[in-house]
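start_11.cif follows; it contains mmCIF, C-alpha atoms.
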data_upload
#
loop_
_atom_site.label_atom_id
_atom_site.label_comp_id
_atom_site.auth_asym_id
_atom_site.auth_seq_id
_atom_site.Cartn_x
_atom_site.Cartn_y
_atom_site.Cartn_z
CA MET D 1 3.82 0.73 18.09
CA ARG D 2 5.53 1.83 14.91
CA VAL D 3 5.55 1.07 11.19
CA VAL D 4 8.78 0.09 9.49
CA LYS D 5 9.70 -0.91 5.97
CA LEU D 6 11.11 -4.39 5.45
CA GLU D 7 14.50 -2.91 4.60
CA ARG D 8 14.76 -1.52 8.13
CA ALA D 9 13.00 -4.39 9.90
CA GLU D 10 15.97 -6.68 9.41
CA GLY D 11 17.94 -4.43 11.76
CA LEU D 12 15.44 -4.62 14.64
CA ARG D 13 16.53 -6.39 17.81
CA ALA D 14 14.38 -9.36 18.81
CA GLU D 15 14.18 -8.18 22.43
CA ASP D 16 12.58 -4.90 21.28
CA VAL D 17 9.81 -6.61 19.31
CA ARG D 18 6.93 -8.50 20.89
CA TRP D 19 5.31 -9.16 17.49
CA ALA D 20 5.11 -7.70 14.00
CA PHE D 21 2.20 -7.76 11.56
CA ALA D 22 3.49 -7.69 7.99
CA LEU D 23 1.84 -6.82 4.70
CA THR D 24 3.45 -6.97 1.29
CA SER D 25 2.51 -6.46 -2.33
CA ARG D 26 5.71 -8.27 -3.36
CA SER D 27 5.44 -12.03 -3.05
CA SER D 28 9.21 -12.20 -3.55
CA ASP D 29 9.58 -10.66 -0.06
CA VAL D 30 7.66 -13.42 1.73
CA ASP D 31 10.71 -15.61 2.34
CA THR D 32 12.55 -12.71 3.96
CA LEU D 33 9.54 -11.70 6.07
CA LYS D 34 8.93 -15.16 7.47
CA SER D 35 12.60 -15.46 8.38
CA LEU D 36 12.76 -12.37 10.62
CA PRO D 37 14.18 -13.12 14.10
CA PHE D 38 11.04 -12.26 16.09
CA THR D 39 7.35 -13.21 16.04
CA VAL D 40 5.96 -12.17 12.67
CA PHE D 41 2.76 -12.95 10.76
CA GLY D 42 1.13 -11.51 7.69
CA MET D 43 -0.10 -11.88 4.13
CA THR D 44 0.16 -10.50 0.62
CA SER D 45 -1.91 -7.47 -0.39
CA HIS D 46 -3.24 -6.43 -3.79
CA GLY D 47 -1.24 -3.70 -5.49
CA GLY D 48 0.14 -2.01 -2.42
CA VAL D 49 -0.13 -1.46 1.32
CA PHE D 50 -2.05 1.35 3.03
CA THR D 51 0.28 3.38 5.24
CA SER D 52 0.33 6.93 6.56
CA SER D 53 2.15 7.98 3.37
CA GLY D 54 -0.48 6.49 1.04
CA TYR D 55 -1.24 3.29 -0.84
CA THR D 56 2.29 2.18 -1.57
CA PRO D 57 3.84 -0.91 -3.23
CA GLY D 58 6.28 -2.77 -1.02
CA SER D 59 6.54 -4.52 2.34
CA PHE D 60 5.68 -2.92 5.68
CA LEU D 61 5.37 -4.07 9.29
CA LEU D 62 3.35 -2.81 12.24
CA VAL D 63 5.70 -3.51 15.13
CA ALA D 64 4.58 -3.87 18.76
CA GLY D 65 7.02 -3.73 21.64
CA PRO D 66 6.76 -4.99 25.23
CA GLU D 67 5.62 -1.53 26.33
CA ASP D 68 2.44 -1.77 24.21
CA GLY D 69 0.79 -4.41 26.36
CA VAL D 70 -0.60 -6.39 23.42
CA TYR D 71 0.10 -10.11 23.22
CA ALA D 72 -0.16 -12.10 20.00
CA LYS D 73 0.47 -15.69 19.03
CA PRO D 74 0.18 -16.91 15.43
CA TYR D 75 -0.96 -20.40 14.43
CA PHE D 76 -0.42 -21.92 10.99
CA ALA D 77 -2.71 -24.31 9.12
CA GLU D 78 -2.16 -25.56 5.58
CA GLY D 79 -4.80 -27.41 3.58
CA ASN D 80 -7.44 -27.37 0.89
CA VAL D 81 -11.24 -27.30 0.96
CA HIS D 82 -11.31 -30.97 2.00
CA THR D 83 -8.73 -30.80 4.82
CA ILE D 84 -8.69 -27.26 6.19
CA GLU D 85 -11.56 -27.72 8.67
CA ALA D 86 -9.69 -30.46 10.52
CA GLU D 87 -6.54 -28.32 10.57
CA VAL D 88 -8.40 -25.28 11.92
CA ALA D 89 -10.06 -27.46 14.57
CA ARG D 90 -6.55 -28.54 15.63
CA VAL D 91 -5.46 -24.90 15.79
CA SER D 92 -8.53 -24.04 17.88
CA GLU D 93 -7.56 -26.62 20.48
CA GLU D 94 -3.97 -25.36 20.51
CA ILE D 95 -5.20 -21.81 21.15
CA LYS D 96 -7.44 -22.90 24.02
CA ARG D 97 -4.68 -25.01 25.62
CA GLY D 98 -1.75 -22.66 25.17
CA PHE D 99 -3.24 -19.18 24.98
CA GLY D 100 -6.66 -19.31 26.61
CA LYS D 101 -9.64 -17.34 25.38
CA PRO D 102 -8.43 -14.53 23.10
CA ASP D 103 -9.79 -11.01 23.11
CA ILE D 104 -9.93 -11.26 19.34
CA LEU D 105 -8.90 -13.64 16.56
CA PHE D 106 -7.38 -12.23 13.39
CA VAL D 107 -7.43 -14.60 10.40
CA MET D 108 -5.55 -14.47 7.11
CA PRO D 109 -6.95 -17.24 4.88
CA THR D 110 -6.45 -17.86 1.19
CA LEU D 111 -9.25 -17.70 -1.37
CA GLY D 112 -12.02 -20.29 -1.06
CA LEU D 113 -11.22 -21.38 2.51
CA GLU D 114 -12.68 -18.41 4.38
CA GLU D 115 -16.15 -19.75 5.19
CA ARG D 116 -14.71 -22.95 6.61
CA VAL D 117 -12.10 -21.13 8.69
CA VAL D 118 -14.62 -18.75 10.25
CA ARG D 119 -17.20 -21.48 10.84
CA VAL D 120 -14.79 -23.83 12.65
CA LEU D 121 -13.28 -21.07 14.82
CA ASP D 122 -16.69 -19.67 15.68
CA ARG D 123 -17.95 -23.09 16.70
CA ALA D 124 -14.82 -23.87 18.72
CA PHE D 125 -15.18 -20.68 20.77
CA GLU D 126 -18.97 -20.97 20.98
CA SER D 127 -19.55 -17.66 19.17
CA GLY D 128 -17.88 -15.90 22.08
CA VAL D 129 -14.84 -14.40 20.33
CA ARG D 130 -14.84 -11.75 17.63
CA ILE D 131 -13.15 -12.83 14.40
CA PHE D 132 -11.63 -10.30 12.02
CA GLY D 133 -9.29 -10.58 9.08
CA GLY D 134 -8.77 -10.53 5.34
CA THR D 135 -8.15 -12.94 2.48
CA ALA D 136 -4.61 -12.90 1.09
CA ALA D 137 -4.44 -11.27 -2.35
CA ASP D 138 -2.04 -10.93 -5.26
CA ASN D 139 -1.56 -8.32 -7.96
CA ASP D 140 -3.16 -10.03 -10.96
CA PHE D 141 -5.45 -12.83 -9.70
CA SER D 142 -2.91 -15.44 -10.83
CA GLY D 143 -2.84 -17.27 -7.49
CA ASP D 144 0.41 -15.73 -6.24
CA TRP D 145 -1.10 -14.99 -2.81
CA TRP D 146 0.51 -16.02 0.47
CA THR D 147 -0.22 -16.12 4.16
CA PHE D 148 2.77 -16.62 6.43
CA THR D 149 4.32 -16.68 9.87
CA ASN D 150 7.77 -17.56 11.20
CA GLY D 151 9.38 -20.14 8.94
CA MET D 152 6.10 -21.07 7.21
CA ALA D 153 4.15 -19.80 4.21
CA THR D 154 1.35 -21.20 2.09
CA SER D 155 -0.80 -20.28 -0.88
CA SER D 156 -3.52 -22.63 0.43
CA GLY D 157 -4.20 -22.30 4.12
CA VAL D 158 -4.60 -19.79 6.92
CA VAL D 159 -2.69 -18.03 9.65
CA VAL D 160 -4.80 -17.46 12.77
CA VAL D 161 -3.52 -14.88 15.27
CA ALA D 162 -4.80 -14.88 18.84
CA PHE D 163 -4.62 -11.45 20.50
CA LYS D 164 -4.91 -10.36 24.12
CA SER D 165 -4.38 -6.87 25.43
CA ASP D 166 -4.11 -5.00 28.71
CA THR D 167 -6.56 -2.45 27.25
CA PRO D 168 -9.51 -2.98 24.87
CA ILE D 169 -8.97 -4.02 21.27
CA LEU D 170 -11.52 -2.06 19.24
CA SER D 171 -12.96 -3.35 15.97
CA THR D 172 -15.74 -2.84 13.43
CA PHE D 173 -16.97 -4.62 10.29
CA HIS D 174 -18.77 -2.30 7.86
CA ALA D 175 -20.21 -2.33 4.36
CA GLY D 176 -20.47 1.29 3.25
CA TYR D 177 -23.29 0.47 0.82
CA ILE D 178 -26.98 1.29 0.92
CA LEU D 179 -29.83 -1.11 0.19
CA THR D 180 -32.01 -0.43 -2.83
CA ARG D 181 -35.65 -1.47 -3.17
CA ASN D 182 -34.60 -4.47 -5.27
CA ARG D 183 -34.77 -7.66 -3.26
CA GLY D 184 -35.75 -11.31 -3.45
CA VAL D 185 -35.39 -14.73 -1.87
CA VAL D 186 -32.75 -17.20 -3.04
CA THR D 187 -34.82 -20.20 -4.14
CA LYS D 188 -32.12 -22.37 -5.72
CA ALA D 189 -28.38 -22.39 -4.96
CA GLU D 190 -25.38 -24.66 -4.46
CA HIS D 191 -21.97 -24.30 -2.86
CA PRO D 192 -19.03 -25.51 -4.98
CA ASP D 193 -15.90 -26.87 -3.32
CA THR D 194 -13.97 -23.87 -4.61
CA GLY D 195 -16.00 -21.63 -2.31
CA GLY D 196 -18.77 -19.09 -2.67
CA THR D 197 -22.29 -19.74 -3.91
CA ILE D 198 -23.82 -20.38 -7.31
CA ILE D 199 -27.25 -18.77 -7.21
CA TYR D 200 -29.52 -20.29 -9.85
CA GLU D 201 -32.81 -18.69 -8.93
CA ILE D 202 -34.11 -15.66 -7.06
CA ASP D 203 -37.87 -15.75 -6.45
CA GLY D 204 -38.00 -18.72 -8.81
CA LYS D 205 -36.51 -16.72 -11.72
CA PRO D 206 -33.05 -17.06 -13.34
CA ALA D 207 -30.70 -15.27 -10.96
CA ALA D 208 -28.52 -13.68 -13.67
CA GLU D 209 -31.57 -12.11 -15.29
CA VAL D 210 -32.85 -10.86 -11.95
CA TYR D 211 -29.48 -9.31 -11.07
CA ALA D 212 -29.18 -7.70 -14.52
CA SER D 213 -32.65 -6.19 -14.14
CA TRP D 214 -31.70 -4.79 -10.73
CA LEU D 215 -28.64 -3.16 -12.25
CA LYS D 216 -30.69 -1.58 -15.04
CA THR D 217 -32.84 0.27 -12.51
CA HIS D 218 -29.67 2.05 -11.41
CA GLY D 219 -28.22 2.71 -14.85
CA PHE D 220 -25.85 -0.24 -15.22
CA ASP D 221 -25.97 -2.61 -18.21
CA ILE D 222 -24.38 -6.08 -18.30
CA GLY D 223 -26.22 -7.26 -21.41
CA ASP D 224 -23.10 -8.66 -23.11
CA VAL D 225 -22.01 -10.56 -20.00
CA LEU D 226 -25.55 -11.86 -19.51
CA ARG D 227 -25.54 -13.30 -23.05
CA LYS D 228 -21.96 -14.56 -23.24
CA GLY D 229 -21.14 -15.22 -19.59
CA GLY D 230 -17.95 -14.38 -17.79
CA ILE D 231 -16.64 -12.06 -15.11
CA ILE D 232 -18.69 -8.94 -14.43
CA PRO D 233 -16.47 -5.84 -14.78
CA PHE D 234 -15.18 -4.75 -11.38
CA GLU D 235 -16.21 -1.16 -12.19
CA ILE D 236 -19.83 -2.38 -12.12
CA ALA D 237 -19.69 -5.28 -9.65
CA GLY D 238 -17.71 -3.20 -7.17
CA LEU D 239 -20.58 -0.73 -6.89
CA ASN D 240 -23.39 -3.31 -6.95
CA PRO D 241 -23.05 -6.26 -4.58
CA ILE D 242 -25.94 -8.22 -3.17
CA ALA D 243 -26.52 -7.94 0.55
CA ARG D 244 -28.18 -9.53 3.55
CA ALA D 245 -29.56 -7.43 6.38
CA TYR D 246 -28.92 -8.11 10.06
CA GLY D 247 -30.66 -5.47 12.13
CA ARG D 248 -29.09 -2.16 11.17
CA ASP D 249 -26.03 -3.82 9.63
CA ILE D 250 -25.63 -5.39 6.22
CA VAL D 251 -23.19 -7.99 4.94
CA VAL D 252 -22.42 -7.90 1.23
CA SER D 253 -21.34 -10.46 -1.37
CA HIS D 254 -19.44 -9.76 -4.59
CA VAL D 255 -21.33 -10.90 -7.70
CA PHE D 256 -18.32 -12.19 -9.58
CA GLU D 257 -19.43 -14.09 -12.67
CA VAL D 258 -22.38 -14.97 -14.89
CA LEU D 259 -22.77 -18.65 -15.85
CA PRO D 260 -24.76 -18.30 -19.10
CA GLU D 261 -25.90 -21.90 -19.62
CA LYS D 262 -27.81 -21.88 -16.33
CA LYS D 263 -28.42 -18.11 -16.24
CA ALA D 264 -26.86 -18.25 -12.79
CA VAL D 265 -24.45 -15.98 -10.92
CA LEU D 266 -21.42 -16.91 -8.85
CA VAL D 267 -21.02 -14.87 -5.66
CA LEU D 268 -17.90 -15.07 -3.53
CA SER D 269 -19.43 -15.80 -0.13
CA TYR D 270 -21.82 -18.32 1.37
CA ILE D 271 -25.55 -17.68 0.92
CA ARG D 272 -28.20 -20.27 1.74
CA GLU D 273 -31.42 -21.10 -0.04
CA GLY D 274 -34.27 -19.27 1.65
CA GLU D 275 -32.23 -16.19 2.55
CA GLU D 276 -33.49 -12.78 1.46
CA VAL D 277 -30.99 -10.79 -0.56
CA TYR D 278 -30.96 -7.16 -1.60
CA HIS D 279 -29.30 -5.20 -4.36
CA ALA D 280 -26.90 -2.82 -2.60
CA THR D 281 -25.19 0.09 -4.25
CA ALA D 282 -22.63 2.82 -3.62
CA THR D 283 -20.76 5.64 -5.29
CA ASP D 284 -17.00 6.02 -5.39
CA SER D 285 -17.34 8.68 -2.69
CA PHE D 286 -19.21 6.23 -0.45
CA LEU D 287 -16.40 3.72 -0.83
CA VAL D 288 -13.81 6.29 0.19
CA SER D 289 -15.74 7.92 3.04
CA ARG D 290 -16.65 4.60 4.68
CA THR D 291 -13.03 4.58 5.87
CA ALA D 292 -13.95 7.31 8.34
CA VAL D 293 -17.17 5.54 9.33
CA VAL D 294 -15.51 2.24 10.22
CA VAL D 295 -13.03 3.96 12.53
CA ARG D 296 -15.64 6.24 14.08
CA LYS D 297 -17.82 3.25 14.93
CA SER D 298 -14.86 1.60 16.69
CA LEU D 299 -13.52 4.38 18.86
CA ASP D 300 -13.73 4.52 22.63
CA PRO D 301 -13.13 8.02 24.06
CA PHE D 302 -11.59 6.63 27.25
CA PHE D 303 -8.56 5.14 25.48
CA ARG D 304 -5.80 6.47 23.26
CA ILE D 305 -4.95 4.76 19.99
CA ALA D 306 -1.67 2.83 19.92
CA GLY D 307 -1.92 1.42 16.38
CA GLY D 308 -4.29 0.06 13.79
CA ILE D 309 -4.92 -2.51 11.09
CA LEU D 310 -7.11 -1.66 8.09
CA VAL D 311 -8.64 -4.31 5.81
CA TYR D 312 -10.09 -2.90 2.58
CA CYS D 313 -11.69 -4.89 -0.24
CA ALA D 314 -9.49 -5.11 -3.35
CA GLY D 315 -12.63 -5.50 -5.47
CA CYS D 316 -13.62 -1.94 -4.51
CA ILE D 317 -10.36 -0.51 -5.81
CA ALA D 318 -11.41 -0.47 -9.50
CA PRO D 319 -14.32 1.98 -8.99
CA ILE D 320 -12.15 4.38 -6.95
CA LYS D 321 -8.90 4.37 -8.92
CA GLY D 322 -6.99 7.54 -8.25
CA ARG D 323 -8.39 7.96 -4.72
CA LEU D 324 -6.50 5.23 -2.87
CA ASP D 325 -4.10 7.64 -1.16
CA GLU D 326 -7.20 9.43 0.12
CA ILE D 327 -8.18 6.27 2.04
CA SER D 328 -4.83 6.33 3.83
CA LYS D 329 -5.21 10.04 4.56
CA ILE D 330 -8.68 9.58 6.05
CA TYR D 331 -7.62 6.61 8.17
CA ARG D 332 -4.55 8.47 9.45
CA LYS D 333 -6.72 11.42 10.47
CA MET D 334 -9.31 9.22 12.17
CA VAL D 335 -6.70 7.33 14.26
CA ARG D 336 -5.12 10.69 15.14
CA GLY D 337 -1.79 9.96 13.52
CA ALA D 338 -1.25 6.60 15.21
CA PRO D 339 0.83 4.05 13.27
CA PHE D 340 -1.11 1.68 11.01
CA ILE D 341 -0.91 -0.51 7.96
CA GLY D 342 -3.70 -1.80 5.74
CA ALA D 343 -4.26 -4.56 3.20
CA ALA D 344 -6.28 -4.71 0.00
CA THR D 345 -7.84 -8.16 0.26
CA TYR D 346 -9.83 -10.70 -1.78
CA GLY D 347 -12.38 -11.19 1.01
CA GLU D 348 -13.07 -9.77 4.44
CA GLN D 349 -13.89 -11.43 7.74
CA GLY D 350 -15.53 -9.62 10.60
CA SER D 351 -18.00 -9.49 13.42
CA ILE D 352 -21.24 -7.65 14.09
CA ARG D 353 -23.67 -7.87 17.00
CA VAL D 354 -27.19 -9.05 16.35
CA LYS D 355 -29.50 -8.65 19.36
CA GLY D 356 -26.43 -8.49 21.58
CA GLU D 357 -24.85 -11.66 20.23
CA ILE D 358 -21.60 -11.92 18.27
CA LYS D 359 -22.08 -12.97 14.65
CA ASN D 360 -18.88 -13.71 12.72
CA PHE D 361 -18.94 -13.59 8.92
CA HIS D 362 -16.91 -13.94 5.79
CA ALA D 363 -18.08 -11.40 3.22
CA ASN D 364 -16.89 -9.37 0.24
CA GLN D 365 -16.53 -5.69 -0.59
CA MET D 366 -16.49 -4.88 3.13
CA ILE D 367 -14.09 -2.85 5.22
CA ASN D 368 -12.91 -3.61 8.73
CA THR D 369 -10.46 -2.29 11.25
CA VAL D 370 -8.74 -3.51 14.39
CA ILE D 371 -7.47 -0.77 16.69
CA PHE D 372 -5.07 -1.31 19.59
CA THR D 373 -5.36 1.07 22.54
CA ARG D 374 -3.48 2.35 25.55
CA ARG D 375 -4.59 4.26 28.62
#
This structure in structure tokens:
Amino acid sequence: MRVVKLERAEGLRAEDVRWAFALTSRSSDVDTLKSLPFTVFGMTSHGGVFTSSGYTPGSFLLVAGPEDGVYAKPYFAEGNVHTIEAEVARVSEEIKRGFGKPDILFVMPTLGLEERVVRVLDRAFESGVRIFGGTAADNDFSGDWWTFTNGMATSSGVVVVAFKSDTPILSTFHAGYILTRNRGVVTKAEHPDTGGTIIYEIDGKPAAEVYASWLKTHGFDIGDVLRKGGIIPFEIAGLNPIARAYGRDIVVSHVFEVLPEKKAVLVLSYIREGEEVYHATATDSFLVSRTAVVVRKSLDPFFRIAGGILVYCAGCIAPIKGRLDEISKIYRKMVRGAPFIGAATYGEQGSIRVKGEIKNFHANQMINTVIFTRR
């Protein structure tokens, strides 16, 4: 495998490329990327792309050749919250008929569709296939995000990539936060069509007040936002998600906004009434060093690394400004110099094992990696 810039990708010969995974922070490049003369799939990334040279604006491709022994087939589904489930169900049947059971599914949905995409795929493959991926992002939260494959692109839909490999595909989904003693049970919530969860009550108390009190115990104050409502500053929210525990693993949700009339909070993933939630926290150093942890948890000493994909939460970028190149440096060291690219995403999809069973999730503020191997 190798990483190439878009400017050089146009000169690649189709017979030398089995597939290419593309990431770009320039939406203006999407038309060119989806028109490349070989199998290509990808999405837009927030601010830049993680590569061995750092977190860099532009368009980059991880290119696999026939010699790498990794097979990939992308599937495209366009739709909104009312239609996407039927489209993903169609894609699931196409995968089973034309590709068989994948080793892994990599998804690139757009904002608000993630829960539905993961749920339908997980059901179609009877929770027997790991699902990883990231939500397409833009540079200013204006909606200029795209997911694409050959000849097709959408700002409302998903590209699902089915992978098989001659050697294991390694992967991990990780939070990089620690649980505090603050916790409670969600006693009133609803799930808007736009995605996520509005939490009205935790332990029967107004959720926004509960969350604000949790933050105060760790030195964070959102008094103005609590009174007036609005988006919680990323510098605070990025260090203080709420979490659910699954054995030794946790899955976190970004607390995005306070709705002052109801004293509720909007979180960007799906949480049910009756679930126990925790206040999780981190430092900027935690958010950088988890890059090493997610790779370490994936590695298999019996196989060499051929290439990697990194998915890193864009919401965690605000608290660690100035250290983004460090993430690339750590990842490069951990994969022993193998080629890789990484996206800064608006949501993360991944898999953990709970009592030996695969559990696929959409979550926020997480990190995941997919690592291709060779003997």
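Ranking D:Ser127, D:Ile95, D:Asp140, D:Val4 by their shortest atom-to-atom distance to Ser27 (chain D), with all atoms listed in the file included, puts D:Asp140 first.
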Return as JSON lines the residues of region 91-179 of chain D lying at most 9 Å from region 261-271 of chain D, together with the closest atom-to-atom pair for each and the distance in Å to one decimal, counting all atoms listed in the file, with rows in chain order and ascending residue number.
{"residue": "D:Gly112", "atom": "CA", "partner": "D:Leu268", "partner_atom": "CA", "distance": 8.2}
{"residue": "D:Glu114", "atom": "CA", "partner": "D:Ser269", "partner_atom": "CA", "distance": 8.5}
{"residue": "D:Glu115", "atom": "CA", "partner": "D:Tyr270", "partner_atom": "CA", "distance": 7.0}
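Within the 6 Å cut-off around region 236-242 of chain D, using all atoms listed in the file and omitting residues fewer than 3 positions from it on the same chain, the listed residues are Pro233, Val252, Ser253, His254, Val255, Tyr278, His279, Ala280, Thr281, Ala282, Gly315 and Cys316 of chain D.
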Once you have the residues from the selection above, write them out as a CSV table (one decimal), keeping the file's coordinate frame, restricted to C-alpha atoms.
chain,number,residue,atom,x,y,z
D,233,PRO,CA,-16.5,-5.8,-14.8
D,252,VAL,CA,-22.4,-7.9,1.2
D,253,SER,CA,-21.3,-10.5,-1.4
D,254,HIS,CA,-19.4,-9.8,-4.6
D,255,VAL,CA,-21.3,-10.9,-7.7
D,278,TYR,CA,-31.0,-7.2,-1.6
D,279,HIS,CA,-29.3,-5.2,-4.4
D,280,ALA,CA,-26.9,-2.8,-2.6
D,281,THR,CA,-25.2,0.1,-4.2
D,282,ALA,CA,-22.6,2.8,-3.6
D,315,GLY,CA,-12.6,-5.5,-5.5
D,316,CYS,CA,-13.6,-1.9,-4.5
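When only C-alpha atoms are used to compute distances to Asp138 (chain D), the closest of the residues D:Leu113, D:Met43, D:Leu6, D:Ile330 turns out to be D:Met43.
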Would you mind telling me which residue in D:Val70, D:Val161, D:Val3, D:Ile104 lies nearest to Phe41 (chain D) when using all atoms listed in the file? D:Val161
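Look at region 198-201 of chain D: the protein and nucleic acid residues within 6 Å of it, using all atoms listed in the file and passing over chain neighbours fewer than 3 places away, are Thr187, Lys188, Ala189, Glu190, Gly204, Lys205, Pro206, Ala207, Ala264, Val265 and Leu266 of chain D.
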What is the distance, in Å and to one decimal place, between CA of Gly350 (chain D) and CA of Pro66 (chain D)? 27.1 Å
Select, from D:Gly274, D:Gly307, D:Pro339, D:Gly79, the residue with the minimum atom-to-atom distance to Val186 (chain D), counting all atoms listed in the file. D:Gly274
